[in-house]
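What's in start18.pdb: PDB, N, CA and C atoms
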```pdb
ATOM      1  N   MET C   1      50.130 155.992  76.650
ATOM      2  CA  MET C   1      49.502 154.698  76.452
ATOM      3  C   MET C   1      48.796 154.292  77.741
ATOM      4  N   SER C   2      47.553 153.881  77.646
ATOM      5  CA  SER C   2      46.814 153.457  78.826
ATOM      6  C   SER C   2      46.606 151.948  78.801
ATOM      7  N   THR C   3      46.354 151.391  79.972
ATOM      8  CA  THR C   3      46.131 149.950  80.107
ATOM      9  C   THR C   3      44.706 149.714  80.544
ATOM     10  N   ASP C   4      44.005 148.869  79.815
ATOM     11  CA  ASP C   4      42.645 148.483  80.182
ATOM     12  C   ASP C   4      42.749 147.370  81.217
ATOM     13  N   ILE C   5      42.276 147.616  82.431
ATOM     14  CA  ILE C   5      42.456 146.627  83.500
ATOM     15  C   ILE C   5      41.473 145.472  83.422
ATOM     16  N   ASP C   6      40.482 145.578  82.547
ATOM     17  CA  ASP C   6      39.482 144.518  82.426
ATOM     18  C   ASP C   6      40.079 143.144  82.164
ATOM     19  N   GLY C   7      41.080 143.051  81.329
ATOM     20  CA  GLY C   7      41.612 141.757  80.939
ATOM     21  C   GLY C   7      42.864 141.334  81.670
ATOM     22  N   LEU C   8      43.213 141.985  82.772
ATOM     23  CA  LEU C   8      44.454 141.642  83.467
ATOM     24  C   LEU C   8      44.361 140.330  84.242
ATOM     25  N   ILE C   9      43.177 139.974  84.714
ATOM     26  CA  ILE C   9      42.983 138.733  85.453
ATOM     27  C   ILE C   9      42.073 137.830  84.623
ATOM     28  N   VAL C  10      42.523 136.595  84.412
ATOM     29  CA  VAL C  10      41.765 135.653  83.588
ATOM     30  C   VAL C  10      41.666 134.305  84.282
ATOM     31  N   ARG C  11      40.721 133.504  83.814
ATOM     32  CA  ARG C  11      40.568 132.102  84.227
ATOM     33  C   ARG C  11      40.456 131.275  82.960
ATOM     34  N   THR C  12      41.311 130.289  82.834
ATOM     35  CA  THR C  12      41.203 129.344  81.727
ATOM     36  C   THR C  12      41.403 127.947  82.293
ATOM     37  N   ALA C  13      40.564 127.035  81.874
ATOM     38  CA  ALA C  13      40.569 125.682  82.444
ATOM     39  C   ALA C  13      41.904 124.970  82.272
ATOM     40  N   ASP C  14      42.630 125.286  81.217
ATOM     41  CA  ASP C  14      43.866 124.559  80.924
ATOM     42  C   ASP C  14      45.115 125.141  81.598
ATOM     43  N   VAL C  15      44.959 126.225  82.348
ATOM     44  CA  VAL C  15      46.103 126.831  83.046
ATOM     45  C   VAL C  15      45.772 126.968  84.524
ATOM     46  N   LEU C  16      46.612 126.386  85.365
ATOM     47  CA  LEU C  16      46.452 126.436  86.823
ATOM     48  C   LEU C  16      45.093 125.911  87.277
ATOM     49  N   GLY C  17      44.548 124.977  86.547
ATOM     50  CA  GLY C  17      43.279 124.368  86.942
ATOM     51  C   GLY C  17      42.115 125.338  86.956
ATOM     52  N   GLY C  18      42.225 126.405  86.182
ATOM     53  CA  GLY C  18      41.131 127.367  86.113
ATOM     54  C   GLY C  18      41.143 128.415  87.202
ATOM     55  N   LYS C  19      42.199 128.441  88.017
ATOM     56  CA  LYS C  19      42.281 129.463  89.065
ATOM     57  C   LYS C  19      42.538 130.826  88.431
ATOM     58  N   PRO C  20      42.047 131.888  89.057
ATOM     59  CA  PRO C  20      42.309 133.212  88.502
ATOM     60  C   PRO C  20      43.804 133.508  88.524
ATOM     61  N   ARG C  21      44.282 134.081  87.418
ATOM     62  CA  ARG C  21      45.710 134.364  87.283
ATOM     63  C   ARG C  21      45.904 135.640  86.496
ATOM     64  N   ILE C  22      47.111 136.144  86.559
ATOM     65  CA  ILE C  22      47.466 137.329  85.791
ATOM     66  C   ILE C  22      47.630 136.900  84.338
ATOM     67  N   ASP C  23      46.903 137.559  83.445
ATOM     68  CA  ASP C  23      46.897 137.193  82.035
ATOM     69  C   ASP C  23      48.313 137.183  81.463
ATOM     70  N   GLY C  24      48.594 136.155  80.666
ATOM     71  CA  GLY C  24      49.891 136.031  80.027
ATOM     72  C   GLY C  24      50.958 135.433  80.917
ATOM     73  N   THR C  25      50.577 135.016  82.126
ATOM     74  CA  THR C  25      51.533 134.432  83.075
ATOM     75  C   THR C  25      50.910 133.204  83.727
ATOM     76  N   ARG C  26      51.715 132.535  84.519
ATOM     77  CA  ARG C  26      51.216 131.455  85.364
ATOM     78  C   ARG C  26      51.203 131.910  86.825
ATOM     79  N   VAL C  27      51.157 133.207  87.063
ATOM     80  CA  VAL C  27      51.108 133.771  88.412
ATOM     81  C   VAL C  27      49.645 133.874  88.825
ATOM     82  N   SER C  28      49.277 133.095  89.833
ATOM     83  CA  SER C  28      47.888 133.098  90.282
ATOM     84  C   SER C  28      47.616 134.266  91.217
ATOM     85  N   VAL C  29      46.353 134.620  91.287
ATOM     86  CA  VAL C  29      45.923 135.634  92.259
ATOM     87  C   VAL C  29      46.243 135.131  93.659
ATOM     88  N   GLN C  30      46.116 133.823  93.884
ATOM     89  CA  GLN C  30      46.437 133.250  95.194
ATOM     90  C   GLN C  30      47.881 133.526  95.575
ATOM     91  N   THR C  31      48.795 133.377  94.621
ATOM     92  CA  THR C  31      50.207 133.628  94.901
ATOM     93  C   THR C  31      50.402 135.059  95.376
ATOM     94  N   VAL C  32      49.806 135.993  94.673
ATOM     95  CA  VAL C  32      49.912 137.405  95.058
ATOM     96  C   VAL C  32      49.273 137.613  96.430
ATOM     97  N   ALA C  33      48.110 136.995  96.660
ATOM     98  CA  ALA C  33      47.410 137.146  97.939
ATOM     99  C   ALA C  33      48.242 136.596  99.096
ATOM    100  N   ILE C  34      48.924 135.493  98.876
ATOM    101  CA  ILE C  34      49.759 134.909  99.933
ATOM    102  C   ILE C  34      50.883 135.870 100.313
ATOM    103  N   TRP C  35      51.557 136.427  99.328
ATOM    104  CA  TRP C  35      52.610 137.412  99.608
ATOM    105  C   TRP C  35      52.021 138.595 100.369
ATOM    106  N   TYR C  36      50.876 139.065  99.920
ATOM    107  CA  TYR C  36      50.212 140.213 100.548
ATOM    108  C   TYR C  36      49.854 139.911 102.000
ATOM    109  N   ARG C  37      49.302 138.716 102.239
ATOM    110  CA  ARG C  37      48.921 138.332 103.603
ATOM    111  C   ARG C  37      50.137 138.197 104.512
ATOM    112  N   ARG C  38      51.300 137.954 103.925
ATOM    113  CA  ARG C  38      52.539 137.871 104.712
ATOM    114  C   ARG C  38      53.121 139.242 105.028
ATOM    115  N   GLY C  39      52.459 140.300 104.546
ATOM    116  CA  GLY C  39      52.874 141.645 104.887
ATOM    117  C   GLY C  39      53.632 142.389 103.805
ATOM    118  N   TYR C  40      53.782 141.784 102.640
ATOM    119  CA  TYR C  40      54.471 142.459 101.552
ATOM    120  C   TYR C  40      53.566 143.507 100.921
ATOM    121  N   THR C  41      54.142 144.625 100.505
ATOM    122  CA  THR C  41      53.389 145.639  99.780
ATOM    123  C   THR C  41      53.313 145.226  98.308
ATOM    124  N   ALA C  42      52.431 145.885  97.573
ATOM    125  CA  ALA C  42      52.319 145.603  96.136
ATOM    126  C   ALA C  42      53.665 145.834  95.447
ATOM    127  N   GLU C  43      54.353 146.867  95.828
ATOM    128  CA  GLU C  43      55.648 147.176  95.234
ATOM    129  C   GLU C  43      56.659 146.079  95.519
ATOM    130  N   GLU C  44      56.679 145.571  96.741
ATOM    131  CA  GLU C  44      57.609 144.493  97.107
ATOM    132  C   GLU C  44      57.265 143.204  96.365
ATOM    133  N   ILE C  45      55.984 142.929  96.198
ATOM    134  CA  ILE C  45      55.568 141.732  95.461
ATOM    135  C   ILE C  45      56.017 141.836  94.008
ATOM    136  N   ALA C  46      55.874 143.009  93.418
ATOM    137  CA  ALA C  46      56.297 143.219  92.026
ATOM    138  C   ALA C  46      57.801 142.992  91.867
ATOM    139  N   VAL C  47      58.579 143.365  92.866
ATOM    140  CA  VAL C  47      60.024 143.124  92.820
ATOM    141  C   VAL C  47      60.303 141.624  92.891
ATOM    142  N   GLU C  48      59.603 140.915  93.770
ATOM    143  CA  GLU C  48      59.801 139.472  93.930
ATOM    144  C   GLU C  48      59.338 138.683  92.699
ATOM    145  N   LEU C  49      58.233 139.103  92.116
ATOM    146  CA  LEU C  49      57.676 138.435  90.937
ATOM    147  C   LEU C  49      58.009 139.282  89.716
ATOM    148  N   GLU C  50      59.245 139.215  89.291
ATOM    149  CA  GLU C  50      59.782 140.106  88.265
ATOM    150  C   GLU C  50      59.022 140.089  86.939
ATOM    151  N   GLN C  51      58.343 138.974  86.638
ATOM    152  CA  GLN C  51      57.687 138.849  85.343
ATOM    153  C   GLN C  51      56.359 139.591  85.261
ATOM    154  N   VAL C  52      55.917 140.199  86.355
ATOM    155  CA  VAL C  52      54.647 140.931  86.338
ATOM    156  C   VAL C  52      54.875 142.388  86.729
ATOM    157  N   SER C  53      54.008 143.236  86.224
ATOM    158  CA  SER C  53      54.125 144.670  86.501
ATOM    159  C   SER C  53      53.385 145.028  87.788
ATOM    160  N   LEU C  54      53.660 146.212  88.269
ATOM    161  CA  LEU C  54      52.973 146.704  89.456
ATOM    162  C   LEU C  54      51.467 146.802  89.190
ATOM    163  N   ALA C  55      51.094 147.227  87.994
ATOM    164  CA  ALA C  55      49.672 147.303  87.642
ATOM    165  C   ALA C  55      49.019 145.925  87.720
ATOM    166  N   GLN C  56      49.718 144.892  87.278
ATOM    167  CA  GLN C  56      49.174 143.536  87.351
ATOM    168  C   GLN C  56      49.025 143.078  88.799
ATOM    169  N   ILE C  57      49.978 143.440  89.650
ATOM    170  CA  ILE C  57      49.886 143.093  91.071
ATOM    171  C   ILE C  57      48.663 143.772  91.691
ATOM    172  N   TYR C  58      48.478 145.050  91.395
ATOM    173  CA  TYR C  58      47.302 145.749  91.925
ATOM    174  C   TYR C  58      46.005 145.147  91.396
ATOM    175  N   ALA C  59      45.989 144.706  90.147
ATOM    176  CA  ALA C  59      44.790 144.052  89.601
ATOM    177  C   ALA C  59      44.519 142.756  90.355
ATOM    178  N   ALA C  60      45.564 141.990  90.634
ATOM    179  CA  ALA C  60      45.394 140.743  91.388
ATOM    180  C   ALA C  60      44.896 141.028  92.797
ATOM    181  N   LEU C  61      45.424 142.054  93.426
ATOM    182  CA  LEU C  61      44.970 142.418  94.775
ATOM    183  C   LEU C  61      43.528 142.911  94.757
ATOM    184  N   ALA C  62      43.152 143.657  93.728
ATOM    185  CA  ALA C  62      41.768 144.104  93.607
ATOM    186  C   ALA C  62      40.845 142.898  93.445
ATOM    187  N   TYR C  63      41.260 141.931  92.635
ATOM    188  CA  TYR C  63      40.459 140.713  92.448
ATOM    189  C   TYR C  63      40.340 139.966  93.780
ATOM    190  N   TYR C  64      41.453 139.840  94.485
ATOM    191  CA  TYR C  64      41.459 139.162  95.783
ATOM    192  C   TYR C  64      40.483 139.836  96.754
ATOM    193  N   HIS C  65      40.544 141.144  96.859
ATOM    194  CA  HIS C  65      39.668 141.859  97.793
ATOM    195  C   HIS C  65      38.200 141.799  97.366
ATOM    196  N   ALA C  66      37.945 141.828  96.071
ATOM    197  CA  ALA C  66      36.566 141.768  95.575
ATOM    198  C   ALA C  66      35.961 140.381  95.757
ATOM    199  N   ASN C  67      36.812 139.365  95.868
ATOM    200  CA  ASN C  67      36.363 137.972  95.988
ATOM    201  C   ASN C  67      37.004 137.304  97.195
ATOM    202  N   GLN C  68      37.172 138.060  98.261
ATOM    203  CA  GLN C  68      37.959 137.594  99.405
ATOM    204  C   GLN C  68      37.424 136.324 100.047
ATOM    205  N   ALA C  69      36.128 136.205 100.224
ATOM    206  CA  ALA C  69      35.578 135.002 100.864
ATOM    207  C   ALA C  69      35.910 133.757 100.039
ATOM    208  N   GLU C  70      35.703 133.842  98.736
ATOM    209  CA  GLU C  70      36.017 132.717  97.843
ATOM    210  C   GLU C  70      37.512 132.405  97.863
ATOM    211  N   MET C  71      38.334 133.434  97.789
ATOM    212  CA  MET C  71      39.782 133.242  97.769
ATOM    213  C   MET C  71      40.274 132.636  99.081
ATOM    214  N   GLU C  72      39.761 133.111 100.207
ATOM    215  CA  GLU C  72      40.167 132.571 101.506
ATOM    216  C   GLU C  72      39.755 131.109 101.650
ATOM    217  N   ALA C  73      38.566 130.770 101.142
ATOM    218  CA  ALA C  73      38.108 129.374 101.195
ATOM    219  C   ALA C  73      39.027 128.481 100.369
ATOM    220  N   GLU C  74      39.435 128.938  99.200
ATOM    221  CA  GLU C  74      40.347 128.162  98.353
ATOM    222  C   GLU C  74      41.707 128.002  99.023
ATOM    223  N   LEU C  75      42.213 129.078  99.615
ATOM    224  CA  LEU C  75      43.493 128.997 100.313
ATOM    225  C   LEU C  75      43.425 128.027 101.491
ATOM    226  N   GLN C  76      42.324 128.066 102.230
ATOM    227  CA  GLN C  76      42.146 127.164 103.369
ATOM    228  C   GLN C  76      42.081 125.713 102.901
ATOM    229  N   ALA C  77      41.349 125.455 101.833
ATOM    230  CA  ALA C  77      41.231 124.093 101.309
ATOM    231  C   ALA C  77      42.591 123.573 100.850
ATOM    232  N   GLU C  78      43.382 124.409 100.210
ATOM    233  CA  GLU C  78      44.708 123.980  99.770
ATOM    234  C   GLU C  78      45.632 123.721 100.951
ATOM    235  N   THR C  79      45.534 124.550 101.974
ATOM    236  CA  THR C  79      46.350 124.346 103.170
ATOM    237  C   THR C  79      45.987 123.025 103.841
ATOM    238  N   GLU C  80      44.700 122.746 103.955
ATOM    239  CA  GLU C  80      44.254 121.498 104.571
ATOM    240  C   GLU C  80      44.700 120.289 103.750
ATOM    241  N   LEU C  81      44.608 120.369 102.429
ATOM    242  CA  LEU C  81      45.064 119.272 101.575
ATOM    243  C   LEU C  81      46.562 119.059 101.743
ATOM    244  N   HIS C  82      47.319 120.120 101.736
ATOM    245  CA  HIS C  82      48.766 120.023 101.926
ATOM    246  C   HIS C  82      49.096 119.359 103.257
ATOM    247  N   ASP C  83      48.451 119.822 104.327
ATOM    248  CA  ASP C  83      48.706 119.268 105.653
ATOM    249  C   ASP C  83      48.360 117.780 105.708
ATOM    250  N   ARG C  84      47.228 117.399 105.102
ATOM    251  CA  ARG C  84      46.817 115.990 105.104
ATOM    252  C   ARG C  84      47.814 115.133 104.331
ATOM    253  N   LEU C  85      48.236 115.594 103.170
ATOM    254  CA  LEU C  85      49.190 114.833 102.371
ATOM    255  C   LEU C  85      50.532 114.699 103.069
ATOM    256  N   MET C  86      50.975 115.751 103.729
ATOM    257  CA  MET C  86      52.235 115.672 104.477
ATOM    258  C   MET C  86      52.125 114.683 105.628
ATOM    259  N   GLN C  87      50.999 114.704 106.328
ATOM    260  CA  GLN C  87      50.797 113.772 107.431
ATOM    261  C   GLN C  87      50.797 112.335 106.922
ATOM    262  N   GLU C  88      50.097 112.073 105.828
ATOM    263  CA  GLU C  88      50.064 110.732 105.240
ATOM    264  C   GLU C  88      51.454 110.293 104.797
ATOM    265  N   HIS C  89      52.202 111.210 104.230
ATOM    266  CA  HIS C  89      53.562 110.903 103.778
ATOM    267  C   HIS C  89      54.435 110.477 104.955
ATOM    268  N   TYR C  90      54.400 111.267 106.024
ATOM    269  CA  TYR C  90      55.228 110.942 107.178
ATOM    270  C   TYR C  90      54.774 109.682 107.883
ATOM    271  N   GLN C  91      53.471 109.426 107.913
ATOM    272  CA  GLN C  91      52.972 108.177 108.507
ATOM    273  C   GLN C  91      53.416 106.974 107.689
ATOM    274  N   HIS C  92      53.391 107.121 106.379
ATOM    275  CA  HIS C  92      53.828 106.030 105.495
ATOM    276  C   HIS C  92      55.323 105.754 105.687
ATOM    277  N   ARG C  93      56.109 106.815 105.787
ATOM    278  CA  ARG C  93      57.568 106.653 105.976
ATOM    279  C   ARG C  93      57.863 106.017 107.328
ATOM    280  N   ALA C  94      57.092 106.376 108.352
ATOM    281  CA  ALA C  94      57.323 105.844 109.701
ATOM    282  C   ALA C  94      56.982 104.354 109.773
ATOM    283  N   SER C  95      56.003 103.929 108.979
ATOM    284  CA  SER C  95      55.587 102.524 109.028
ATOM    285  C   SER C  95      56.406 101.636 108.089
ATOM    286  N   ALA C  96      57.200 102.232 107.243
ATOM    287  CA  ALA C  96      57.997 101.456 106.270
ATOM    288  C   ALA C  96      59.253 100.884 106.882
TER     289      ALA C  96
END
```
What is this file in structure tokens?
Amino acid sequence: MSTDIDGLIVRTADVLGGKPRIDGTRVSVQTVAIWYRRGYTAEEIAVELEQVSLAQIYAALAYYHANQAEMEAELQAETELHDRLMQEHYQHRASA
């Protein structure tokens, strides 16, 4: 039995805000990319994310590498938003 890799990564507006994800899951390509950037191998990521296969992890990594500039920009924007919200939260708590 062979697997057609064309449909392994999908985008749908109603799941994860339209971010690319592994089809049939809520595992985003970003999630896989973050693990990868932390030094995990595809095999190690597949062990950590038990609901996805090694083939799906490789498809996500291929998508990440093929669209790296876009993916890095999205990751940076999310990091900046997180940092800003945390700063606002702590400032609000300090002034209360």
TODO: Considering all atoms listed in the file, return as an NGL selection string whatever protein or nucleic-acid residues lie within 7 Å of stretch 8-20 of chain C, sequence-local ones (same chain, fewer than 3 positions apart) excluded.
DONE: :C and (4-5 or 23-24 or 26-30 or 56 or 59-60)
Residues matched by the PyMOL selection byres (((chain C and resi 42 and name CA) around 12) and name CA), written as a tab-separated table (two decimals) with N, CA and C atoms, keeping the file's coordinate frame:
```tsv
chain	number	residue	atom	x	y	z
C	32	VAL	N	49.81	135.99	94.67
C	32	VAL	CA	49.91	137.40	95.06
C	32	VAL	C	49.27	137.61	96.43
C	33	ALA	N	48.11	137.00	96.66
C	33	ALA	CA	47.41	137.15	97.94
C	33	ALA	C	48.24	136.60	99.10
C	34	ILE	N	48.92	135.49	98.88
C	34	ILE	CA	49.76	134.91	99.93
C	34	ILE	C	50.88	135.87	100.31
C	35	TRP	N	51.56	136.43	99.33
C	35	TRP	CA	52.61	137.41	99.61
C	35	TRP	C	52.02	138.60	100.37
C	36	TYR	N	50.88	139.06	99.92
C	36	TYR	CA	50.21	140.21	100.55
C	36	TYR	C	49.85	139.91	102.00
C	37	ARG	N	49.30	138.72	102.24
C	37	ARG	CA	48.92	138.33	103.60
C	37	ARG	C	50.14	138.20	104.51
C	38	ARG	N	51.30	137.95	103.92
C	38	ARG	CA	52.54	137.87	104.71
C	38	ARG	C	53.12	139.24	105.03
C	39	GLY	N	52.46	140.30	104.55
C	39	GLY	CA	52.87	141.65	104.89
C	39	GLY	C	53.63	142.39	103.80
C	40	TYR	N	53.78	141.78	102.64
C	40	TYR	CA	54.47	142.46	101.55
C	40	TYR	C	53.57	143.51	100.92
C	41	THR	N	54.14	144.62	100.50
C	41	THR	CA	53.39	145.64	99.78
C	41	THR	C	53.31	145.23	98.31
C	43	GLU	N	54.35	146.87	95.83
C	43	GLU	CA	55.65	147.18	95.23
C	43	GLU	C	56.66	146.08	95.52
C	44	GLU	N	56.68	145.57	96.74
C	44	GLU	CA	57.61	144.49	97.11
C	44	GLU	C	57.26	143.20	96.36
C	45	ILE	N	55.98	142.93	96.20
C	45	ILE	CA	55.57	141.73	95.46
C	45	ILE	C	56.02	141.84	94.01
C	46	ALA	N	55.87	143.01	93.42
C	46	ALA	CA	56.30	143.22	92.03
C	46	ALA	C	57.80	142.99	91.87
C	47	VAL	N	58.58	143.36	92.87
C	47	VAL	CA	60.02	143.12	92.82
C	47	VAL	C	60.30	141.62	92.89
C	48	GLU	N	59.60	140.92	93.77
C	48	GLU	CA	59.80	139.47	93.93
C	48	GLU	C	59.34	138.68	92.70
C	49	LEU	N	58.23	139.10	92.12
C	49	LEU	CA	57.68	138.44	90.94
C	49	LEU	C	58.01	139.28	89.72
C	52	VAL	N	55.92	140.20	86.36
C	52	VAL	CA	54.65	140.93	86.34
C	52	VAL	C	54.88	142.39	86.73
C	53	SER	N	54.01	143.24	86.22
C	53	SER	CA	54.12	144.67	86.50
C	53	SER	C	53.38	145.03	87.79
C	54	LEU	N	53.66	146.21	88.27
C	54	LEU	CA	52.97	146.70	89.46
C	54	LEU	C	51.47	146.80	89.19
C	55	ALA	N	51.09	147.23	87.99
C	55	ALA	CA	49.67	147.30	87.64
C	55	ALA	C	49.02	145.93	87.72
C	56	GLN	N	49.72	144.89	87.28
C	56	GLN	CA	49.17	143.54	87.35
C	56	GLN	C	49.02	143.08	88.80
C	57	ILE	N	49.98	143.44	89.65
C	57	ILE	CA	49.89	143.09	91.07
C	57	ILE	C	48.66	143.77	91.69
C	58	TYR	N	48.48	145.05	91.40
C	58	TYR	CA	47.30	145.75	91.92
C	58	TYR	C	46.00	145.15	91.40
C	59	ALA	N	45.99	144.71	90.15
C	59	ALA	CA	44.79	144.05	89.60
C	59	ALA	C	44.52	142.76	90.36
C	60	ALA	N	45.56	141.99	90.63
C	60	ALA	CA	45.39	140.74	91.39
C	60	ALA	C	44.90	141.03	92.80
C	61	LEU	N	45.42	142.05	93.43
C	61	LEU	CA	44.97	142.42	94.78
C	61	LEU	C	43.53	142.91	94.76
C	62	ALA	N	43.15	143.66	93.73
C	62	ALA	CA	41.77	144.10	93.61
C	62	ALA	C	40.84	142.90	93.44
```
TODO: May I have all residues of chain C that DSSP, computed from the backbone, assigns to helix (DSSP H, G or I), given as a count of residues only?
DONE: 63
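The gap separating atom N of C:Tyr63 from atom N of C:Ile22 is 10.2 Å, in Å to one decimal.
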- [ ] Using DSSP on the backbone coordinates, identify the residues of chain C assigned to strand (DSSP E or B); present them as an NGL selection string.
- [x] :C and (9-10 or 21-22 or 28)
